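One file, target37.txt, carrying compact mmCIF, C-alpha atoms:
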```txt
# COMPACT_ATOMS: atom_id res chain seq x y z
CA MET A 24 -6.82 -20.85 -5.40
CA TYR A 25 -8.57 -23.56 -3.43
CA GLU A 26 -5.78 -23.66 -0.86
CA THR A 27 -5.85 -19.87 -0.61
CA ALA A 28 -9.60 -19.90 -0.05
CA CYS A 29 -9.15 -22.58 2.64
CA LEU A 30 -6.56 -20.38 4.37
CA VAL A 31 -9.16 -17.65 4.70
CA PHE A 32 -12.48 -19.46 5.13
CA GLY A 33 -11.35 -22.77 6.61
CA ASN A 34 -13.48 -25.87 6.37
CA THR A 35 -16.45 -24.12 4.79
CA VAL A 36 -14.69 -24.15 1.43
CA THR A 37 -15.59 -26.89 -1.03
CA ILE A 38 -14.54 -27.48 -4.61
CA GLU A 39 -16.52 -29.14 -7.40
CA HIS A 40 -15.17 -29.99 -10.82
CA ASN A 41 -17.30 -29.25 -13.88
CA LYS A 42 -20.13 -27.89 -11.81
CA THR A 43 -23.09 -26.43 -13.64
CA ILE A 44 -23.79 -22.96 -12.35
CA GLN A 45 -27.53 -22.48 -12.00
CA ILE A 46 -29.51 -19.32 -11.60
CA GLU A 47 -31.85 -19.20 -8.62
CA VAL A 48 -35.02 -18.05 -10.43
CA ALA A 49 -35.30 -19.77 -13.79
CA VAL A 50 -38.32 -18.12 -15.38
CA ALA A 51 -36.62 -16.82 -18.50
CA THR A 52 -33.82 -17.73 -20.82
CA GLU A 53 -30.65 -15.70 -20.66
CA VAL A 54 -27.40 -15.82 -22.52
CA ALA A 55 -23.95 -15.38 -21.09
CA SER A 56 -21.28 -15.35 -23.77
CA PHE A 57 -17.88 -16.99 -23.41
CA VAL A 58 -14.79 -16.66 -25.54
CA GLY A 59 -12.91 -19.74 -26.64
CA PRO A 60 -14.23 -23.22 -27.39
CA PRO A 61 -17.89 -23.81 -26.66
CA LYS A 62 -17.21 -26.46 -24.03
CA LYS A 63 -15.70 -24.93 -20.94
CA GLU A 64 -14.71 -26.76 -17.83
CA ILE A 65 -15.54 -24.83 -14.72
CA ASP A 66 -14.33 -25.65 -11.25
CA VAL A 67 -16.43 -23.98 -8.60
CA ILE A 68 -15.01 -23.14 -5.20
CA THR A 69 -17.71 -22.34 -2.69
CA ALA A 70 -17.50 -20.82 0.77
CA ASP A 71 -20.33 -19.80 3.08
CA ILE A 72 -19.84 -16.15 3.94
CA THR A 73 -23.16 -14.29 4.09
CA ASP A 74 -25.87 -13.60 1.56
CA VAL A 75 -23.10 -12.32 -0.69
CA LYS A 76 -21.37 -14.65 -3.11
CA LEU A 77 -18.08 -13.89 -4.72
CA LEU A 78 -17.84 -15.33 -8.22
CA ILE A 79 -14.21 -15.73 -9.16
CA SER A 80 -12.99 -16.41 -12.67
CA CYS A 81 -9.41 -17.74 -12.77
CA LYS A 82 -7.49 -17.35 -16.02
CA ASP A 83 -4.16 -18.95 -16.84
CA PHE A 84 -2.91 -17.72 -20.21
CA GLY A 85 0.77 -18.31 -19.65
CA SER A 86 2.55 -15.17 -20.77
CA SER A 87 -0.31 -13.49 -22.63
CA LYS A 88 -2.73 -11.17 -20.90
CA ALA A 89 -6.46 -11.48 -20.49
CA ASP A 90 -8.32 -9.24 -22.92
CA PRO A 91 -11.64 -7.39 -22.61
CA ALA A 92 -13.59 -10.39 -23.92
CA HIS A 93 -12.56 -12.38 -20.85
CA VAL A 94 -13.81 -9.65 -18.57
CA GLN A 95 -16.98 -9.25 -20.60
CA GLU A 96 -17.81 -12.93 -20.27
CA TRP A 97 -17.60 -12.71 -16.50
CA VAL A 98 -19.68 -9.52 -16.58
CA ALA A 99 -22.32 -11.53 -18.42
CA VAL A 100 -22.19 -14.38 -15.92
CA VAL A 101 -22.37 -12.15 -12.83
CA ASN A 102 -25.12 -9.96 -14.30
CA THR A 103 -27.15 -13.01 -15.27
CA MET A 104 -26.76 -14.60 -11.86
CA ASN A 105 -27.73 -11.35 -10.14
CA ARG A 106 -30.75 -10.81 -12.40
CA TYR A 107 -32.21 -14.17 -11.48
CA SER A 108 -31.03 -14.46 -7.91
CA ALA A 109 -33.52 -14.94 -5.10
CA GLY A 110 -31.95 -12.53 -2.66
CA THR A 111 -28.33 -13.54 -3.01
CA ARG A 112 -26.07 -10.75 -4.19
CA LEU A 113 -23.18 -11.75 -6.39
CA ILE A 114 -19.96 -9.88 -6.94
CA GLY A 115 -17.40 -10.79 -9.58
CA LEU A 116 -13.65 -11.10 -9.45
CA VAL A 117 -11.33 -12.01 -12.31
CA ILE A 118 -7.83 -13.36 -11.64
CA SER A 119 -5.24 -13.52 -14.39
CA PRO A 120 -1.65 -13.66 -13.06
CA SER A 121 -0.25 -12.67 -16.45
CA GLY A 122 -2.24 -9.42 -16.24
CA PHE A 123 -4.91 -7.66 -18.28
CA THR A 124 -4.83 -5.54 -21.42
CA SER A 125 -5.76 -1.90 -20.94
CA GLY A 126 -9.21 -2.30 -22.48
CA CYS A 127 -10.30 -4.41 -19.50
CA GLU A 128 -10.42 -1.52 -17.06
CA PRO A 129 -13.56 0.27 -18.34
CA TRP A 130 -15.46 -3.03 -18.45
CA ALA A 131 -14.36 -4.04 -14.98
CA SER A 132 -14.95 -0.66 -13.34
CA THR A 133 -18.29 -0.07 -15.06
CA HIS A 134 -19.58 -3.49 -14.05
CA ASN A 135 -17.91 -3.54 -10.64
CA LEU A 136 -15.62 -6.51 -11.22
CA GLY A 137 -12.43 -6.77 -9.20
CA LEU A 138 -9.24 -7.45 -11.15
CA ILE A 139 -6.22 -9.32 -9.78
CA PRO A 140 -3.51 -8.27 -10.43
CA PRO A 141 -4.54 -4.62 -10.62
CA LEU A 142 -4.51 -2.76 -13.90
CA LYS A 143 -2.34 0.30 -13.39
CA GLY A 144 -2.01 1.84 -16.80
CA LYS A 145 1.48 0.50 -17.41
CA LYS A 146 3.11 -2.79 -18.22
CA LEU A 147 3.23 -4.86 -15.09
CA SER A 148 3.67 -8.54 -14.51
CA PHE A 149 3.36 -10.37 -11.25
CA SER A 150 4.36 -13.89 -10.31
CA VAL A 151 1.66 -16.44 -9.63
CA ASP A 152 2.74 -16.42 -5.98
CA THR A 153 2.21 -12.67 -5.76
CA SER A 154 -1.19 -12.98 -7.42
CA LEU A 155 -2.18 -15.62 -4.87
CA GLN A 156 -1.01 -13.34 -2.06
CA MET A 157 -3.23 -10.64 -3.56
CA VAL A 158 -6.17 -13.06 -3.62
CA GLU A 159 -5.59 -13.99 0.00
CA ARG A 160 -5.39 -10.33 1.04
CA VAL A 161 -8.58 -9.49 -0.84
CA LEU A 162 -10.49 -12.50 0.54
CA ARG A 163 -9.44 -11.75 4.12
CA ALA A 164 -10.37 -8.08 3.78
CA PHE A 165 -13.64 -8.97 2.03
CA ALA A 166 -14.65 -11.31 4.85
CA LYS A 167 -13.97 -8.56 7.40
CA ARG A 168 -15.66 -5.92 5.29
CA LEU A 169 -18.89 -7.93 5.40
CA ASN A 170 -19.11 -7.22 9.15
CA PHE A 171 -20.16 -3.71 8.16
CA PRO A 172 -23.00 -2.56 5.88
CA TYR A 173 -21.98 -3.71 2.44
CA GLU A 174 -24.78 -2.61 0.14
CA ASN A 175 -22.52 -0.11 -1.56
CA LEU A 176 -20.03 -2.85 -2.44
CA THR A 177 -22.48 -4.00 -5.10
CA GLN A 178 -22.61 -0.53 -6.67
CA ALA A 179 -20.02 0.16 -9.37
CA PRO A 180 -17.20 0.83 -9.03
CA THR A 181 -16.97 0.30 -5.25
CA PHE A 182 -15.83 -3.33 -5.35
CA TYR A 183 -13.46 -2.63 -8.24
CA ASP A 184 -11.90 0.17 -6.17
CA PHE A 185 -11.88 -2.02 -3.05
CA VAL A 186 -9.84 -4.71 -4.81
CA TYR A 187 -7.58 -2.14 -6.46
CA LYS A 188 -6.79 -0.45 -3.16
CA LEU A 189 -5.87 -3.79 -1.59
CA THR A 190 -3.71 -5.04 -4.44
CA GLU A 191 -1.96 -2.07 -5.99
CA PRO A 192 0.70 -1.68 -3.22
CA PHE A 193 2.14 -5.11 -4.12
CA GLU A 194 3.96 -3.42 -7.00
CA GLY A 195 5.92 -1.27 -4.56
CA ARG A 196 6.76 -4.24 -2.35
CA ASP A 197 8.02 -6.34 -5.26
CA GLN A 198 9.97 -3.40 -6.66
CA ASN A 199 11.54 -2.80 -3.27
CA ALA A 200 12.51 -6.47 -3.02
CA VAL A 201 14.23 -6.24 -6.42
CA GLU A 202 16.07 -3.04 -5.51
CA ASN A 203 17.04 -3.82 -1.92
CA GLY A 204 16.65 -7.57 -1.51
CA SER A 205 16.32 -8.29 2.18
CA ARG A 206 18.71 -5.51 3.29
CA TYR A 207 16.00 -3.87 5.37
CA GLU A 208 13.90 -5.88 7.78
CA LEU A 209 11.52 -4.95 10.57
CA ILE A 210 12.59 -6.48 13.89
CA GLU A 211 9.18 -7.33 15.33
CA SER A 212 7.47 -8.82 12.32
CA GLY A 213 10.39 -9.92 10.14
CA TRP A 214 8.76 -8.14 7.18
CA ILE A 215 11.02 -6.77 4.49
CA SER A 216 11.23 -3.04 4.66
CA SER A 217 12.82 -0.06 2.95
CA PHE A 218 15.13 2.86 3.53
CA GLY A 219 12.14 5.21 3.40
CA GLU A 220 10.36 3.37 6.17
CA LEU A 221 13.51 3.36 8.29
CA VAL A 222 13.83 7.14 7.95
CA ARG A 223 10.16 7.70 8.73
CA MET A 224 10.47 5.59 11.87
CA LEU A 225 13.77 6.89 13.25
CA LYS A 226 13.79 10.54 12.17
CA GLY A 227 13.49 12.79 15.21
CA GLU A 228 14.31 10.03 17.70
CA ILE A 229 17.13 10.45 20.21
CA LEU A 230 20.14 8.15 20.07
CA GLU A 231 20.44 6.50 23.51
CA SER A 232 23.17 3.85 23.25
CA ILE A 233 25.48 1.91 20.94
CA ALA A 234 26.61 -1.66 21.60
CA THR A 235 29.10 -3.53 19.42
CA THR A 236 28.91 -7.31 19.62
CA THR A 237 30.13 -10.41 17.84
CA THR A 238 27.02 -10.40 15.65
CA GLY A 239 26.80 -6.73 14.76
CA ILE A 240 26.28 -3.17 15.86
CA TYR A 241 23.21 -2.35 17.93
CA VAL A 242 22.00 1.24 18.21
CA ARG A 243 19.20 2.12 20.56
CA PHE A 244 16.90 5.11 20.10
CA SER A 245 14.14 6.71 22.16
CA ASN A 246 10.63 5.25 22.25
CA GLY A 247 11.97 1.69 22.31
CA LEU A 248 13.32 1.86 18.77
CA ALA A 249 16.51 0.24 17.58
CA PHE A 250 18.80 -0.06 14.57
CA HIS A 251 20.86 -3.22 14.12
CA MET A 252 23.56 -3.60 11.48
CA LEU A 253 24.19 -7.31 11.12
CA GLY A 254 26.71 -7.66 8.33
CA ALA A 255 25.04 -6.40 5.17
CA GLN A 256 21.56 -6.56 6.69
CA ILE A 257 19.84 -3.78 8.60
CA LYS A 258 17.11 -4.60 11.07
CA PHE A 259 15.16 -1.85 12.77
CA GLY A 260 11.98 -1.23 14.72
CA ARG A 261 10.76 -1.70 18.26
CA VAL A 262 12.65 -3.98 20.60
CA ARG A 263 11.98 -5.15 24.13
CA GLU A 264 15.37 -6.17 25.44
CA GLU A 265 17.73 -3.43 26.59
CA LEU A 266 20.97 -4.90 25.28
CA PRO A 267 21.86 -7.75 22.93
CA SER A 268 22.85 -10.93 24.73
CA GLN A 269 25.86 -11.53 22.49
CA GLU A 270 29.40 -10.94 23.67
CA ILE A 271 30.44 -7.28 23.59
CA VAL A 272 33.49 -6.65 21.40
CA GLU A 273 35.45 -3.56 20.47
CA VAL A 274 35.31 -2.18 16.95
CA PRO A 275 37.58 0.51 15.54
CA CYS A 276 36.28 4.04 16.01
CA GLN A 277 37.29 7.02 13.91
CA LYS A 278 36.70 10.75 14.02
CA ASN A 279 36.67 13.40 11.32
CA PHE A 280 36.35 12.76 7.62
CA SER A 281 39.99 11.77 7.28
CA GLY A 282 39.44 8.82 9.65
CA GLU A 283 41.64 9.55 12.67
CA THR A 284 41.48 6.88 15.35
CA CYS A 285 39.49 7.75 18.48
CA SER A 286 38.07 5.92 21.46
CA MET A 287 34.57 4.52 21.68
CA SER A 288 33.90 6.65 24.74
CA PHE A 289 34.86 9.80 22.80
CA LEU A 290 32.50 8.86 19.98
CA LEU A 291 29.67 8.07 22.40
CA SER A 292 30.14 11.37 24.23
CA LEU A 293 29.40 13.17 20.98
CA VAL A 294 26.43 11.22 19.63
CA ILE A 295 24.46 10.07 22.69
CA GLY A 296 21.46 12.31 23.32
CA LYS A 297 21.41 13.72 19.80
CA HIS A 298 18.31 13.36 17.67
CA VAL A 299 18.27 11.96 14.14
CA THR A 300 17.82 14.60 11.46
CA SER A 301 18.77 12.67 8.33
CA ALA A 302 20.06 9.31 7.11
CA GLY A 303 21.91 7.89 4.14
CA ASP A 304 22.64 4.38 2.91
CA TRP A 305 25.86 4.03 0.94
CA GLY A 306 25.73 0.27 0.57
CA SER A 307 28.61 -0.76 2.78
CA ARG A 308 28.00 2.03 5.31
CA PHE A 309 24.97 3.68 6.83
CA GLU A 310 25.01 7.25 8.07
CA PHE A 311 22.83 9.07 10.57
CA GLY A 312 22.81 12.85 10.54
CA LEU A 313 22.52 13.97 14.15
CA SER A 314 21.18 17.39 15.19
CA ASP A 315 22.08 18.84 11.80
CA ASP A 316 25.67 19.00 12.96
CA LEU A 317 27.22 15.56 13.32
CA MET A 318 27.37 12.52 11.11
CA LEU A 319 27.55 9.05 12.64
CA SER A 320 28.72 6.48 10.11
CA ILE A 321 28.16 2.79 10.81
CA GLU A 322 29.83 -0.06 9.00
CA PRO A 323 29.68 -3.71 10.07
CA ASN A 324 33.12 -3.35 11.71
CA LEU A 325 33.66 0.39 12.02
CA LEU A 326 32.15 3.46 13.65
CA GLN A 327 33.02 6.97 12.55
CA VAL A 328 31.88 10.42 13.61
CA TYR A 329 32.54 13.78 11.98
CA ARG A 330 31.18 17.27 12.03
CA THR A 331 29.34 18.47 8.96
CA ARG A 332 30.03 22.20 9.27
CA ASN A 333 32.14 24.07 6.76
CA PRO A 334 34.95 24.87 6.49
CA ILE A 335 36.03 21.36 7.41
CA ASP A 336 39.45 22.36 8.76
CA GLU A 337 37.92 24.70 11.33
CA ASN A 338 35.37 22.15 12.56
CA LEU A 339 37.51 19.12 13.31
CA LEU A 340 36.68 16.95 16.30
CA MET B 30 3.20 6.29 5.79
CA SER B 31 -0.44 7.04 5.09
CA ASP B 32 -1.30 8.39 1.67
CA LYS B 33 -2.27 11.64 3.41
CA PRO B 34 -5.51 12.67 1.76
CA LEU B 35 -7.11 15.75 3.29
CA LEU B 36 -9.96 14.37 5.36
CA LEU B 37 -12.99 16.06 6.91
CA ASN B 38 -15.59 14.86 9.36
CA SER B 39 -19.31 15.40 8.89
CA ARG B 40 -19.02 18.86 10.49
CA GLY B 41 -16.46 19.90 7.90
CA GLU B 42 -13.59 19.88 10.39
CA SER B 43 -10.20 18.68 9.24
CA ILE B 44 -9.04 15.41 10.81
CA SER B 45 -5.66 13.72 10.84
CA ILE B 46 -5.51 10.45 8.94
CA ASP B 47 -2.85 9.12 11.30
CA GLU B 48 -5.10 9.83 14.31
CA LEU B 49 -8.00 8.25 12.44
CA ILE B 50 -5.98 5.09 11.83
CA GLU B 51 -4.96 4.93 15.49
CA THR B 52 -8.66 5.17 16.38
CA CYS B 53 -9.38 2.34 13.97
CA ARG B 54 -6.65 0.21 15.56
CA SER B 55 -8.63 0.28 18.81
CA SER B 56 -11.50 -1.44 16.94
CA PRO B 57 -9.76 -4.44 15.39
CA GLU B 58 -12.79 -5.35 13.27
CA ARG B 59 -12.17 -2.15 11.29
CA ILE B 60 -8.72 -3.30 10.23
CA LEU B 61 -9.34 -5.05 6.93
CA ALA B 62 -5.66 -5.74 6.31
CA ASP B 63 -2.52 -5.17 8.35
CA ASP B 64 0.47 -6.95 6.88
CA GLU B 65 3.78 -6.41 5.14
CA ILE B 66 2.00 -4.58 2.33
CA GLY B 67 0.43 -2.02 4.64
CA LEU B 68 -2.77 -1.30 6.52
CA VAL B 69 -6.31 -0.80 5.26
CA ALA B 70 -9.05 0.29 7.67
CA TYR B 71 -12.79 0.57 7.05
CA VAL B 72 -14.24 4.01 7.84
CA GLY B 73 -17.31 3.95 5.61
CA ASP B 74 -19.71 4.32 8.56
CA LEU B 75 -17.82 7.19 10.22
CA ASP B 76 -18.91 9.93 7.79
CA ILE B 77 -15.39 10.71 6.68
CA PHE B 78 -14.93 12.78 3.55
CA ALA B 79 -11.89 13.50 1.40
CA VAL B 80 -11.42 16.86 -0.21
CA SER B 81 -11.80 16.36 -3.91
CA GLY B 82 -9.73 19.39 -4.81
CA LEU B 83 -12.62 21.62 -5.74
CA GLY B 84 -13.03 24.46 -3.28
CA HIS B 85 -15.98 26.76 -2.73
CA PRO B 86 -16.63 28.65 -5.96
CA ILE B 87 -16.33 32.02 -4.19
CA HIS B 88 -14.03 31.75 -1.18
CA GLY B 89 -12.23 28.53 -2.01
CA ALA B 90 -12.97 26.78 1.29
CA PRO B 91 -13.68 23.06 1.11
CA SER B 92 -17.30 22.20 1.76
CA PRO B 93 -18.48 18.81 3.03
CA LEU B 94 -21.51 18.55 0.79
CA PRO B 95 -22.45 14.92 0.35
CA ASP B 96 -23.21 15.37 -3.34
CA GLY B 97 -19.62 14.45 -4.12
CA ARG B 98 -18.88 17.71 -5.86
CA TRP B 99 -16.58 19.25 -3.31
CA VAL B 100 -15.91 16.27 -1.10
CA GLN B 101 -16.06 12.53 -1.56
CA LYS B 102 -17.11 9.96 1.00
CA VAL B 103 -14.27 7.71 2.09
CA ASN B 104 -14.83 4.00 2.65
CA GLU B 105 -11.29 2.92 3.44
CA VAL B 106 -8.12 4.64 4.52
CA SER B 107 -4.75 3.02 4.10
CA ILE B 108 -1.10 3.06 4.99
CA VAL B 109 1.09 1.94 2.11
CA ARG B 110 4.53 0.71 3.15
CA PHE B 111 6.09 0.64 -0.31
CA GLY B 112 4.09 3.14 -2.34
CA LYS B 113 5.77 5.47 -4.77
CA GLN B 114 4.12 8.77 -4.05
CA ILE B 115 4.44 12.30 -5.33
CA ARG B 116 2.99 15.69 -4.44
CA ARG B 117 0.83 17.60 -6.89
CA GLN B 118 -1.20 20.77 -6.48
CA ILE B 119 -4.53 20.19 -8.18
CA GLY B 120 -6.98 23.03 -7.88
CA SER B 121 -6.69 24.56 -4.44
CA VAL B 122 -5.28 21.43 -2.82
CA VAL B 123 -1.80 19.97 -2.63
CA LYS B 124 -2.25 16.21 -2.69
CA THR B 125 0.00 13.24 -2.07
CA VAL B 126 -0.91 10.67 -4.69
CA ASP B 127 0.52 7.44 -6.06
CA ALA B 128 2.80 8.21 -8.98
CA ASP B 129 0.75 5.94 -11.22
CA SER B 130 -2.71 7.13 -10.16
CA ILE B 131 -4.78 7.84 -13.23
CA PHE B 132 -6.22 11.30 -13.89
CA VAL B 133 -8.52 12.27 -16.74
CA ILE B 134 -7.54 15.55 -18.36
CA VAL B 135 -9.11 17.74 -20.99
CA ASP B 136 -7.17 17.41 -24.23
CA GLY B 137 -8.55 19.67 -26.94
CA ALA B 138 -12.13 18.61 -27.57
CA GLY B 139 -11.61 15.21 -25.93
CA LEU B 140 -10.40 13.59 -22.75
CA ARG B 141 -7.16 11.76 -22.10
CA LYS B 142 -5.90 9.61 -19.23
CA VAL B 143 -2.52 10.42 -17.73
CA LYS B 144 -0.61 9.10 -14.74
CA ALA B 145 -0.02 11.44 -11.82
CA GLY B 146 3.68 11.39 -12.58
CA ASP B 147 2.93 12.77 -16.05
CA LEU B 148 0.67 15.62 -14.91
CA LYS B 149 2.08 18.95 -16.06
CA PRO B 150 1.33 22.45 -14.79
CA GLY B 151 -1.46 24.00 -16.81
CA MET B 152 -3.30 20.75 -17.53
CA VAL B 153 -7.01 20.86 -16.69
CA LEU B 154 -8.76 17.82 -15.25
CA LYS B 155 -12.15 16.62 -16.45
CA SER B 156 -13.59 17.98 -13.19
CA GLY B 157 -12.40 21.49 -14.11
CA GLU B 158 -9.52 21.57 -11.64
CA LYS B 159 -6.26 22.96 -12.91
CA VAL B 160 -2.87 21.39 -12.24
CA TYR B 161 -0.45 23.93 -10.78
CA LEU B 162 2.69 21.97 -9.88
```
Let's see the structure in the file written out as structure tokens.
Amino acid sequence: MYETACLVFGNTVTIEHNKTIQIEVAVATEVASFVGPPKKEIDVITADITDVKLLISCKDFGSSKADPAHVQEWVAVVNTMNRYSAGTRLIGLVISPSGFTSGCEPWASTHNLGLIPPLKGKKLSFSVDTSLQMVERVLRAFAKRLNFPYENLTQAPTFYDFVYKLTEPFEGRDQNAVENGSRYELIESGWISSFGELVRMLKGEILESIATTTTGIYVRFSNGLAFHMLGAQIKFGRVREELPSQEIVEVPCQKNFSGETCSMSFLLSLVIGKHVTSAGDWGSRFEFGLSDDLMLSIEPNLLQVYRTRNPIDENLL
Amino acid sequence: MSDKPLLLNSRGESISIDELIETCRSSPERILADDEIGLVAYVGDLDIFAVSGLGHPIHGAPSPLPDGRWVQKVNEVSIVRFGKQIRRQIGSVVKTVDADSIFVIVDGAGLRKVKAGDLKPGMVLKSGEKVYL
């Protein structure tokens, strides 16, 4: 957590072990309840942001989830600190990589506490690394958000929703990584991607060129977009260079569904200038539907084109 | 892909979320996050409203009243790169929502929470909106 905070806020971050948290205006006694043994060790990480302080409670329960009592205790701490603050506004965040039980949500949303990882109404578990990535994303966004009026962040459940919106898409990313591994990757950023994103980006674009090289098959589309099949991996996105610098090689080309041999120039004469209307990933081969009429199939060492009209025998190439 | 809520400006005119995000990109301070997870942009000061699903009681048109009944002020808009999303018609509006978004429905004399993926035609939300498909 400390290293994550340093990544975002730099040298302004400090850490103190067993720090006593003090209220700013001590004119009355107040009780904040904690679960567990009466003596609690608290490490406090501090960063100068604005007149807003983010109070973060970090829980490490191994495989068991944090329960409502753990959220309630932080509600008590944040409320107490806010009640006796001299102008500083405090917002609470609870981090428990093993997750939260469902009863935590009403407490967190009612009292405007952010929860990491998010509580999504189903059994979810995230790795500690993913939880730390969530923390980093929330801290970076929070720091930027404070450049705008932020009074409403202190009103429930705005901060709870803010954290939820920033963290809930991690589930989709992790699920995609499990399902697809690193098969899809964006060229410019190197981020892992998905079949859905590829279709959204390339659908409607016009196929401009195909180059086959020693490293893979490079397909160029309109608007500076490209599709690269490099063995089992597919990279796509915007590219700057016109052609790959690797040595150009010939790969077998086939026409029709039965796989008759044809020349590369024949294949190119059919597909160049056509726009993408659909796509399909069959594991070892990737297919682009072109102009609702042709199918261009790409394998690491094979190109194939066939017409998709029925009856097949009357629509051979 | 943006999550495609139906957005209105303060004059009640429909605006495109994709155009809104492109506008936000020209003001980098508005981009709260832009990474492999997706993009989140702050629009809380631009008077952007999302249609809540409740139309005008008589003619069904959305109304940008700031009381939150027919429209809801939007603080952030986002593009989710890996979201699992589904389409549901709730009230007069067809929405694209995360499959695990939580809705509160009327269940007999009480209320019950269900995920968007479990919404069934005929269910009635706490707000009075009916689920059609």
>> Counting all atoms listed in the file, a student should be able to say which residues of chain B come within 10 Å of chain A; what is the right answer, written as a ChimeraX atom specification?
In response: /B:30,57-74,104-113,127,129-131,142-144
> Between A:Ser281, A:Ser121, A:Thr103, A:Ser205, which one has atoms that come closest to Asp83 of chain A, using all atoms listed in the file?
Replying inline: A:Ser121
> Within 7 Å of Leu162 of chain B, counting all atoms listed in the file, which residues qualify if same-chain residues fewer than 2 places away don't, as a ChimeraX atom specification?
Replying inline: /B:117-118,149-150,160
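Between atom CA of Leu138 of chain A and atom CA of Ile50 of chain B the interatomic distance comes to 26.4 Å.
Of the listed residues (A:Cys29, A:His93, A:Leu230, A:Ile118), A:Ile118 comes nearest to Thr153 of chain A; the distances count only C-alpha atoms.
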